[in-house]
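File shown here: target.pdb, holding PDB, C-alpha atoms and all ligand atoms.
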```pdb
MODEL        1
ATOM      1  CA  MET A  14     -18.269   9.264 -20.889  1.00  0.00           C
ATOM      2  CA  PRO A  15     -18.959   6.439 -18.366  1.00  0.00           C
ATOM      3  CA  PRO A  16     -19.115   3.740 -21.116  1.00  0.00           C
ATOM      4  CA  LYS A  17     -15.802   4.981 -22.568  1.00  0.00           C
ATOM      5  CA  LEU A  18     -14.222   4.984 -19.123  1.00  0.00           C
ATOM      6  CA  ALA A  19     -15.565   1.532 -18.221  1.00  0.00           C
ATOM      7  CA  GLU A  20     -13.978   0.068 -21.369  1.00  0.00           C
ATOM      8  CA  GLN A  21     -10.586   1.451 -20.378  1.00  0.00           C
ATOM      9  CA  ILE A  22     -10.417   0.038 -16.864  1.00  0.00           C
ATOM     10  CA  ASP A  23      -9.341  -3.541 -16.444  1.00  0.00           C
ATOM     11  CA  LEU A  24     -11.711  -5.194 -13.952  1.00  0.00           C
ATOM     12  CA  GLN A  25     -11.143  -8.704 -15.216  1.00  0.00           C
ATOM     13  CA  GLY A  26     -11.486 -11.206 -12.368  1.00  0.00           C
ATOM     14  CA  ARG A  27     -13.152  -8.640 -10.093  1.00  0.00           C
ATOM     15  CA  ARG A  28     -16.476  -9.747  -8.632  1.00  0.00           C
ATOM     16  CA  HIS A  29     -18.057  -7.070  -6.469  1.00  0.00           C
ATOM     17  CA  LEU A  30     -17.729  -3.316  -6.902  1.00  0.00           C
ATOM     18  CA  LEU A  31     -18.762  -0.818  -4.251  1.00  0.00           C
ATOM     19  CA  ASP A  32     -19.904   2.478  -5.783  1.00  0.00           C
ATOM     20  CA  LEU A  33     -19.620   4.769  -2.772  1.00  0.00           C
ATOM     21  CA  GLY A  34     -21.771   7.866  -3.241  1.00  0.00           C
ATOM     22  CA  GLY A  35     -22.818   6.323  -6.546  1.00  0.00           C
ATOM     23  CA  GLY A  36     -25.928   8.492  -6.981  1.00  0.00           C
ATOM     24  CA  PRO A  37     -28.110   7.058  -9.744  1.00  0.00           C
ATOM     25  CA  GLY A  38     -25.531   4.326 -10.380  1.00  0.00           C
ATOM     26  CA  THR A  39     -24.296   5.587 -13.737  1.00  0.00           C
ATOM     27  CA  TYR A  40     -20.820   4.169 -13.248  1.00  0.00           C
ATOM     28  CA  ALA A  41     -21.902   0.960 -11.519  1.00  0.00           C
ATOM     29  CA  ILE A  42     -24.172   0.295 -14.501  1.00  0.00           C
ATOM     30  CA  HIS A  43     -21.458   0.818 -17.077  1.00  0.00           C
ATOM     31  CA  PHE A  44     -18.838  -1.145 -15.149  1.00  0.00           C
ATOM     32  CA  CYS A  45     -21.313  -4.048 -14.948  1.00  0.00           C
ATOM     33  CA  GLN A  46     -22.141  -3.775 -18.628  1.00  0.00           C
ATOM     34  CA  ALA A  47     -18.459  -3.875 -19.559  1.00  0.00           C
ATOM     35  CA  ASN A  48     -17.725  -6.766 -17.147  1.00  0.00           C
ATOM     36  CA  PRO A  49     -20.306  -9.569 -17.290  1.00  0.00           C
ATOM     37  CA  GLU A  50     -18.923 -11.282 -14.143  1.00  0.00           C
ATOM     38  CA  LEU A  51     -19.158  -8.158 -12.010  1.00  0.00           C
ATOM     39  CA  ARG A  52     -21.914  -7.166  -9.621  1.00  0.00           C
ATOM     40  CA  ALA A  53     -22.153  -3.850  -7.810  1.00  0.00           C
ATOM     41  CA  THR A  54     -23.536  -2.239  -4.682  1.00  0.00           C
ATOM     42  CA  ILE A  55     -24.292   1.467  -4.625  1.00  0.00           C
ATOM     43  CA  ILE A  56     -24.317   3.271  -1.296  1.00  0.00           C
ATOM     44  CA  ASP A  57     -25.917   6.685  -1.344  1.00  0.00           C
ATOM     45  CA  ARG A  58     -28.445   8.671   0.637  1.00  0.00           C
ATOM     46  CA  PRO A  59     -31.914   7.084   0.766  1.00  0.00           C
ATOM     47  CA  MET A  60     -33.457   9.903  -1.282  1.00  0.00           C
ATOM     48  CA  THR A  61     -31.421   8.762  -4.300  1.00  0.00           C
ATOM     49  CA  ILE A  62     -32.928   5.292  -4.455  1.00  0.00           C
ATOM     50  CA  ASN A  63     -35.722   6.081  -6.921  1.00  0.00           C
ATOM     51  CA  PHE A  64     -33.321   7.535  -9.476  1.00  0.00           C
ATOM     52  CA  ALA A  65     -30.972   4.581  -9.101  1.00  0.00           C
ATOM     53  CA  ALA A  66     -33.797   2.031  -9.282  1.00  0.00           C
ATOM     54  CA  GLN A  67     -35.065   3.541 -12.535  1.00  0.00           C
ATOM     55  CA  ALA A  68     -31.615   3.610 -14.115  1.00  0.00           C
ATOM     56  CA  ILE A  69     -30.775   0.055 -13.012  1.00  0.00           C
ATOM     57  CA  LYS A  70     -34.109  -1.214 -14.338  1.00  0.00           C
ATOM     58  CA  PHE A  71     -33.658   0.623 -17.638  1.00  0.00           C
ATOM     59  CA  PHE A  72     -30.432  -1.314 -18.207  1.00  0.00           C
ATOM     60  CA  GLY A  73     -31.941  -4.582 -16.955  1.00  0.00           C
ATOM     61  CA  LEU A  74     -29.346  -4.948 -14.203  1.00  0.00           C
ATOM     62  CA  GLN A  75     -31.652  -5.503 -11.184  1.00  0.00           C
ATOM     63  CA  GLU A  76     -30.061  -8.918 -10.566  1.00  0.00           C
ATOM     64  CA  ARG A  77     -26.533  -7.533 -10.433  1.00  0.00           C
ATOM     65  CA  ILE A  78     -26.779  -4.092  -8.816  1.00  0.00           C
ATOM     66  CA  ASP A  79     -28.223  -3.332  -5.430  1.00  0.00           C
ATOM     67  CA  PHE A  80     -28.641  -0.047  -3.609  1.00  0.00           C
ATOM     68  CA  LEU A  81     -28.079   0.609   0.093  1.00  0.00           C
ATOM     69  CA  GLY A  82     -29.639   3.851   1.255  1.00  0.00           C
ATOM     70  CA  ASP A  83     -27.421   5.193   4.003  1.00  0.00           C
ATOM     71  CA  ASP A  84     -25.045   7.933   5.034  1.00  0.00           C
ATOM     72  CA  PHE A  85     -21.714   6.259   4.362  1.00  0.00           C
ATOM     73  CA  ILE A  86     -19.894   8.400   6.926  1.00  0.00           C
ATOM     74  CA  GLY A  87     -22.063   7.311   9.839  1.00  0.00           C
ATOM     75  CA  ALA A  88     -22.833   3.775   8.731  1.00  0.00           C
ATOM     76  CA  SER A  89     -20.512   0.816   8.874  1.00  0.00           C
ATOM     77  CA  ILE A  90     -19.968  -0.611   5.432  1.00  0.00           C
ATOM     78  CA  LYS A  91     -20.929  -4.262   5.319  1.00  0.00           C
ATOM     79  CA  GLY A  92     -20.082  -6.737   2.612  1.00  0.00           C
ATOM     80  CA  GLU A  93     -16.963  -7.867   0.809  1.00  0.00           C
ATOM     81  CA  TYR A  94     -15.737  -5.882  -2.120  1.00  0.00           C
ATOM     82  CA  ASP A  95     -12.781  -6.225  -4.434  1.00  0.00           C
ATOM     83  CA  VAL A  96     -13.247  -2.819  -6.075  1.00  0.00           C
ATOM     84  CA  VAL A  97     -14.290   0.532  -4.633  1.00  0.00           C
ATOM     85  CA  TRP A  98     -15.234   3.326  -7.024  1.00  0.00           C
ATOM     86  CA  LEU A  99     -15.325   6.768  -5.392  1.00  0.00           C
ATOM     87  CA  SER A 100     -16.422   9.270  -7.996  1.00  0.00           C
ATOM     88  CA  GLN A 101     -16.958  12.985  -7.527  1.00  0.00           C
ATOM     89  CA  VAL A 102     -17.519  12.579  -3.800  1.00  0.00           C
ATOM     90  CA  LEU A 103     -14.365  13.847  -2.074  1.00  0.00           C
ATOM     91  CA  HIS A 104     -14.677  17.384  -3.464  1.00  0.00           C
ATOM     92  CA  GLY A 105     -17.769  17.815  -1.271  1.00  0.00           C
ATOM     93  CA  TYR A 106     -15.735  17.380   1.907  1.00  0.00           C
ATOM     94  CA  GLY A 107     -12.842  18.938   3.805  1.00  0.00           C
ATOM     95  CA  PRO A 108      -9.532  17.097   4.271  1.00  0.00           C
ATOM     96  CA  GLU A 109     -10.443  15.423   7.586  1.00  0.00           C
ATOM     97  CA  GLN A 110     -13.680  13.985   6.215  1.00  0.00           C
ATOM     98  CA  CYS A 111     -11.843  12.866   3.080  1.00  0.00           C
ATOM     99  CA  ARG A 112      -9.470  10.934   5.361  1.00  0.00           C
ATOM    100  CA  ARG A 113     -12.446   9.256   7.046  1.00  0.00           C
ATOM    101  CA  ILE A 114     -14.129   8.427   3.764  1.00  0.00           C
ATOM    102  CA  ILE A 115     -10.997   6.981   2.202  1.00  0.00           C
ATOM    103  CA  ALA A 116     -10.251   4.965   5.374  1.00  0.00           C
ATOM    104  CA  LYS A 117     -13.767   3.490   5.233  1.00  0.00           C
ATOM    105  CA  ALA A 118     -13.503   2.743   1.544  1.00  0.00           C
ATOM    106  CA  VAL A 119     -10.197   0.950   2.033  1.00  0.00           C
ATOM    107  CA  GLU A 120     -11.536  -1.009   5.026  1.00  0.00           C
ATOM    108  CA  ALA A 121     -14.347  -2.327   2.832  1.00  0.00           C
ATOM    109  CA  LEU A 122     -11.829  -3.933   0.466  1.00  0.00           C
ATOM    110  CA  SER A 123     -10.658  -7.521   0.650  1.00  0.00           C
ATOM    111  CA  PRO A 124      -6.891  -8.146   0.292  1.00  0.00           C
ATOM    112  CA  GLY A 125      -5.781  -7.440  -3.271  1.00  0.00           C
ATOM    113  CA  GLY A 126      -8.755  -5.115  -3.734  1.00  0.00           C
ATOM    114  CA  MET A 127      -8.591  -2.034  -5.897  1.00  0.00           C
ATOM    115  CA  ILE A 128      -9.686   1.516  -5.138  1.00  0.00           C
ATOM    116  CA  MET A 129     -10.337   4.164  -7.771  1.00  0.00           C
ATOM    117  CA  VAL A 130     -10.883   7.835  -7.043  1.00  0.00           C
ATOM    118  CA  HIS A 131     -12.411   9.896  -9.839  1.00  0.00           C
ATOM    119  CA  ASP A 132     -12.427  13.659  -9.433  1.00  0.00           C
ATOM    120  CA  PHE A 133     -11.249  17.017 -10.747  1.00  0.00           C
ATOM    121  CA  PHE A 134      -7.627  17.062  -9.608  1.00  0.00           C
ATOM    122  CA  LEU A 135      -5.684  20.272  -9.182  1.00  0.00           C
ATOM    123  CA  SER A 136      -2.058  20.637 -10.187  1.00  0.00           C
ATOM    124  CA  GLU A 137       0.353  20.665  -7.245  1.00  0.00           C
ATOM    125  CA  GLY A 138       0.452  24.489  -7.348  1.00  0.00           C
ATOM    126  CA  LYS A 139      -3.364  24.371  -6.924  1.00  0.00           C
ATOM    127  CA  ASP A 140      -3.854  27.172  -9.483  1.00  0.00           C
ATOM    128  CA  GLY A 141      -5.061  24.979 -12.352  1.00  0.00           C
ATOM    129  CA  PRO A 142      -6.157  23.306 -14.536  1.00  0.00           C
ATOM    130  CA  LEU A 143      -8.922  25.821 -15.176  1.00  0.00           C
ATOM    131  CA  PHE A 144     -12.030  23.713 -14.511  1.00  0.00           C
ATOM    132  CA  PRO A 145     -10.797  21.996 -11.316  1.00  0.00           C
ATOM    133  CA  ALA A 146      -9.685  25.409  -9.985  1.00  0.00           C
ATOM    134  CA  LEU A 147     -13.046  27.037 -10.777  1.00  0.00           C
ATOM    135  CA  PHE A 148     -14.864  24.021  -9.381  1.00  0.00           C
ATOM    136  CA  SER A 149     -12.902  24.364  -6.153  1.00  0.00           C
ATOM    137  CA  LEU A 150     -14.086  27.957  -5.873  1.00  0.00           C
ATOM    138  CA  ASN A 151     -17.642  26.802  -6.546  1.00  0.00           C
ATOM    139  CA  MET A 152     -17.433  24.261  -3.708  1.00  0.00           C
ATOM    140  CA  LEU A 153     -16.043  26.893  -1.371  1.00  0.00           C
ATOM    141  CA  ILE A 154     -19.016  29.126  -2.110  1.00  0.00           C
ATOM    142  CA  CYS A 155     -21.538  26.271  -1.876  1.00  0.00           C
ATOM    143  CA  ASN A 156     -20.574  24.459   1.290  1.00  0.00           C
ATOM    144  CA  GLN A 157     -17.454  26.105   2.750  1.00  0.00           C
ATOM    145  CA  VAL A 158     -15.604  22.825   3.318  1.00  0.00           C
ATOM    146  CA  GLY A 159     -15.505  21.136  -0.073  1.00  0.00           C
ATOM    147  CA  ARG A 160     -12.820  21.828  -2.639  1.00  0.00           C
ATOM    148  CA  SER A 161     -10.773  20.237  -5.373  1.00  0.00           C
ATOM    149  CA  TYR A 162      -7.668  18.343  -4.277  1.00  0.00           C
ATOM    150  CA  SER A 163      -4.363  17.719  -5.933  1.00  0.00           C
ATOM    151  CA  GLU A 164      -3.341  14.223  -6.941  1.00  0.00           C
ATOM    152  CA  ARG A 165      -0.608  14.369  -4.272  1.00  0.00           C
ATOM    153  CA  GLU A 166      -3.085  15.214  -1.508  1.00  0.00           C
ATOM    154  CA  ILE A 167      -5.345  12.272  -2.341  1.00  0.00           C
ATOM    155  CA  SER A 168      -2.422   9.913  -3.021  1.00  0.00           C
ATOM    156  CA  ASP A 169      -0.960  10.742   0.394  1.00  0.00           C
ATOM    157  CA  ILE A 170      -4.242   9.841   2.133  1.00  0.00           C
ATOM    158  CA  LEU A 171      -4.516   6.643   0.122  1.00  0.00           C
ATOM    159  CA  SER A 172      -0.915   5.708   1.000  1.00  0.00           C
ATOM    160  CA  GLU A 173      -1.509   6.424   4.707  1.00  0.00           C
ATOM    161  CA  ASN A 174      -4.306   3.868   4.469  1.00  0.00           C
ATOM    162  CA  GLY A 175      -2.091   1.183   2.960  1.00  0.00           C
ATOM    163  CA  VAL A 176      -2.971   1.701  -0.706  1.00  0.00           C
ATOM    164  CA  ARG A 177       0.009   0.925  -2.958  1.00  0.00           C
ATOM    165  CA  ASP A 178       0.866   0.897  -6.678  1.00  0.00           C
ATOM    166  CA  LEU A 179      -0.847   4.248  -7.084  1.00  0.00           C
ATOM    167  CA  THR A 180      -1.258   5.341 -10.675  1.00  0.00           C
ATOM    168  CA  ARG A 181      -3.214   7.943 -12.543  1.00  0.00           C
ATOM    169  CA  LEU A 182      -5.056   6.290 -15.416  1.00  0.00           C
ATOM    170  CA  PRO A 183      -4.456   7.760 -18.888  1.00  0.00           C
ATOM    171  CA  PHE A 184      -8.181   8.603 -19.100  1.00  0.00           C
ATOM    172  CA  VAL A 185      -9.159  12.300 -19.080  1.00  0.00           C
ATOM    173  CA  GLY A 186     -12.906  12.963 -18.768  1.00  0.00           C
ATOM    174  CA  PRO A 187     -14.980  16.025 -19.532  1.00  0.00           C
ATOM    175  CA  ASP A 188     -13.899  19.024 -17.467  1.00  0.00           C
ATOM    176  CA  GLU A 189     -10.510  17.362 -16.999  1.00  0.00           C
ATOM    177  CA  SER A 190     -11.637  14.754 -14.502  1.00  0.00           C
ATOM    178  CA  CYS A 191      -9.089  12.005 -13.815  1.00  0.00           C
ATOM    179  CA  VAL A 192      -8.914   8.646 -12.078  1.00  0.00           C
ATOM    180  CA  LEU A 193      -6.381   7.660  -9.424  1.00  0.00           C
ATOM    181  CA  CYS A 194      -6.084   3.946  -8.899  1.00  0.00           C
ATOM    182  CA  GLY A 195      -4.328   1.752  -6.309  1.00  0.00           C
ATOM    183  CA  LYS A 196      -4.419  -1.642  -4.587  1.00  0.00           C
ATOM    184  CA  VAL A 197      -4.410  -2.872  -1.015  1.00  0.00           C
TER     185      VAL A 197
HETATM  186  C1  LIG B   1     -21.498  14.688  -7.165  1.00  0.00           C
HETATM  187  S1  LIG B   1     -22.466  13.269  -6.808  1.00  0.00           S
HETATM  188  C2  LIG B   1     -21.543  11.994  -7.657  1.00  0.00           C
HETATM  189  C3  LIG B   1     -22.407  10.822  -8.068  1.00  0.00           C
HETATM  190  C4  LIG B   1     -21.660   9.698  -8.783  1.00  0.00           C
HETATM  191  N1  LIG B   1     -20.656   9.107  -7.925  1.00  0.00           N
HETATM  192  C5  LIG B   1     -21.043  10.195 -10.063  1.00  0.00           C
HETATM  193  O1  LIG B   1     -19.831  10.365 -10.130  1.00  0.00           O
HETATM  194  O2  LIG B   1     -21.809  10.413 -11.026  1.00  0.00           O
HETATM  195  C6  LIG B   1     -22.057  12.907  -5.107  1.00  0.00           C
HETATM  196  C7  LIG B   1     -22.908  11.800  -4.560  1.00  0.00           C
HETATM  197  O3  LIG B   1     -22.388  11.406  -3.286  1.00  0.00           O
HETATM  198  C8  LIG B   1     -23.472  11.219  -2.402  1.00  0.00           C
HETATM  199  N2  LIG B   1     -22.990  11.398  -1.032  1.00  0.00           N
HETATM  200  C9  LIG B   1     -22.189  12.405  -0.568  1.00  0.00           C
HETATM  201  N3  LIG B   1     -21.979  12.245   0.732  1.00  0.00           N
HETATM  202  C10 LIG B   1     -22.657  11.134   1.121  1.00  0.00           C
HETATM  203  C11 LIG B   1     -22.818  10.469   2.356  1.00  0.00           C
HETATM  204  N4  LIG B   1     -22.246  10.923   3.457  1.00  0.00           N
HETATM  205  N5  LIG B   1     -23.553   9.330   2.383  1.00  0.00           N
HETATM  206  C12 LIG B   1     -24.156   8.861   1.248  1.00  0.00           C
HETATM  207  N6  LIG B   1     -24.029   9.455   0.045  1.00  0.00           N
HETATM  208  C13 LIG B   1     -23.293  10.585  -0.020  1.00  0.00           C
HETATM  209  C14 LIG B   1     -24.491  12.266  -2.832  1.00  0.00           C
HETATM  210  O4  LIG B   1     -25.790  11.943  -2.371  1.00  0.00           O
HETATM  211  C15 LIG B   1     -24.348  12.216  -4.342  1.00  0.00           C
HETATM  212  O5  LIG B   1     -25.207  11.272  -4.940  1.00  0.00           O
ENDMDL
END
```
Take the structure in the file and give it back as structure tokens.
Ligand SMILES: C[S@@+](CC[C@H](N)C(=O)[O-])C[C@H]1O[C@@H](n2cnc3c(N)ncnc32)[C@H](O)[C@@H]1O
Amino acid sequence: MPPKLAEQIDLQGRRHLLDLGGGPGTYAIHFCQANPELRATIIDRPMTINFAAQAIKFFGLQERIDFLGDDFIGASIKGEYDVVWLSQVLHGYGPEQCRRIIAKAVEALSPGGMIMVHDFFLSEGKDGPLFPALFSLNMLICNQVGRSYSEREISDILSENGVRDLTRLPFVGPDESCVLCGKV
């Protein structure tokens, strides 16, 4: 799925992607493979570094992808980025934390930068589609604050933070995941 997605997103002219909560770097790797001019920084908890290092090495991308082990809520995000990729992270948090995370992600962008949020979006009635609704229930059971969000909820937070030209990409991933995209 990540290679298919990476082919469908136009990152031409973009130079530095921040993969916030990027885990093992699956998406950073495939975005870099699809875009030879792009480099990427993954920020995730320090315990993830070994998985990311192995994956990055496997694809021979050590020169283009680096990993910062930190809690991105507490840490200030250094560096200049023209793309932020936020994938499957917001559903782990309640609305207030999502606001903080999105504000930080947007702050990390240089003017003209692009933010993409990939997640399981609920319909506006919040009773479907099936997988995002079940996943929301799963998050409620697991950590009490996380849940799935509707496209409107996330778009509103992005707009409050100055993100414009918001669109939902035509891509639909496994379990009905979708990508919301905008620019600052
Ligand atoms: C569900 S995984 C998604 C991984 C990857 N983005 C993807 O889509 O395959 C969520 C990731 O966010 C990271 N994460 C969540 N909150 C974080 C925080 N406050 N600081 C650093 N990493 C965080 C987790 O460690 C985990 O790797």
Any chance you could tabulate, as a tab-separated table, the residues of chain A at most 6 Å from ligand LIG 1 (chain B) with each one's nearest atom pair and distance in Å to one decimal, using all atoms listed in the file, in chain and rising number order?
```
residue	atom	partner	partner_atom	distance
A:Gly34	CA	B:LIG1	O3	3.6
A:Gly35	CA	B:LIG1	N1	3.8
A:Gly36	CA	B:LIG1	O5	3.5
A:Asp57	CA	B:LIG1	N6	3.6
A:Arg58	CA	B:LIG1	C12	4.3
A:Asp83	CA	B:LIG1	C12	5.6
A:Asp84	CA	B:LIG1	N5	3.3
A:Phe85	CA	B:LIG1	N5	4.1
A:Ile86	CA	B:LIG1	N4	4.9
A:Ser100	CA	B:LIG1	O1	4.2
A:Gln101	CA	B:LIG1	O1	4.7
A:Val102	CA	B:LIG1	C6	4.7
```
Determine the nearest neighbour of Asn151 of chain A from the options A:Gly26, A:Gly105, A:Gly125, A:Gly87, counting all atoms listed in the file.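 Counting all atoms listed in the file, the residue closest to Asn151 of chain A is A:Gly105.
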Given all atoms listed in the file, how would the per-residue table for segment 50-98 of chain A near segment 184-194 of chain A read, listing every residue at most 12 Å away with its closest atom pair and distance in Å to one decimal, sorted by chain and number, as a tab-separated table?
```
residue	atom	partner	partner_atom	distance
A:Val96	CA	A:Cys194	CA	10.2
A:Val97	CA	A:Cys194	CA	9.9
A:Trp98	CA	A:Cys194	CA	9.4
```
What would the selection look like, as a PyMOL selection string, if the PyMOL selection byres (((chain A and resi 65) around 12) and not hetatm) were run on the coordinates I just shared? chain A and resi 32+34-42+54-64+66-72+74-75+78-82
Would you kindly return, as a PyMOL selection string, each protein, DNA or RNA residue with an atom no farther than 12 Å from any atom of segment 154-158 of chain A, considering all atoms listed in the file and excluding same-chain residues fewer than 6 positions away? chain A and resi 103-111+147-148
Enumerate, as a PyMOL selection string, the residues matched when the PyMOL selection byres (((chain A and resi 162) around 8) and not hetatm) is run on the file above. chain A and resi 104+133-135+139+160-161+163-164+166-167
Considering all atoms listed in the file, can you say which of A:Glu76, A:Pro16, A:Leu33, A:Ser168 comes closest to Glu50 of chain A? A:Glu76
Report the distance between atom CA of Glu93 of chain A and atom CA of Asp169 of chain A in Å, rounded to one decimal place. 24.5 Å
Expand the PyMOL selection byres (((chain A and resi 116) around 12) and not hetatm) into the individual residues it matches in the shown file, reporting them as a VMD selection string. chain A and resid 85 to 86 89 to 90 97 109 to 115 117 to 122 128 167 170 to 176 197
Do you have the atom CA of Lys17 of chain A-atom CA of Met129 of chain A distance handy?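 Between atom CA of Lys17 of chain A and atom CA of Met129 of chain A the gap is 15.8 Å.
Between atom CA of Arg177 of chain A and atom CA of Tyr94 of chain A the separation is 17.2 Å.
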Which centre and which edge lengths, in Å to one decimal, describe the axis-aligned box that holds all listed atoms of segment 47-62 of chain A after 3 Å is added on each side, as AutoDock Vina command-line options?
```
--center_x -25.6 --center_y -0.7 --center_z -9.4 --size_x 21.7 --size_y 27.2 --size_z 26.3
```
Which residues are near Arg28 of chain A? Cut-off 7 Å, only C-alpha atoms, ignore same chain within fewer than 6 positions. Put them as a PyMOL selection string. chain A and resi 50-52+95
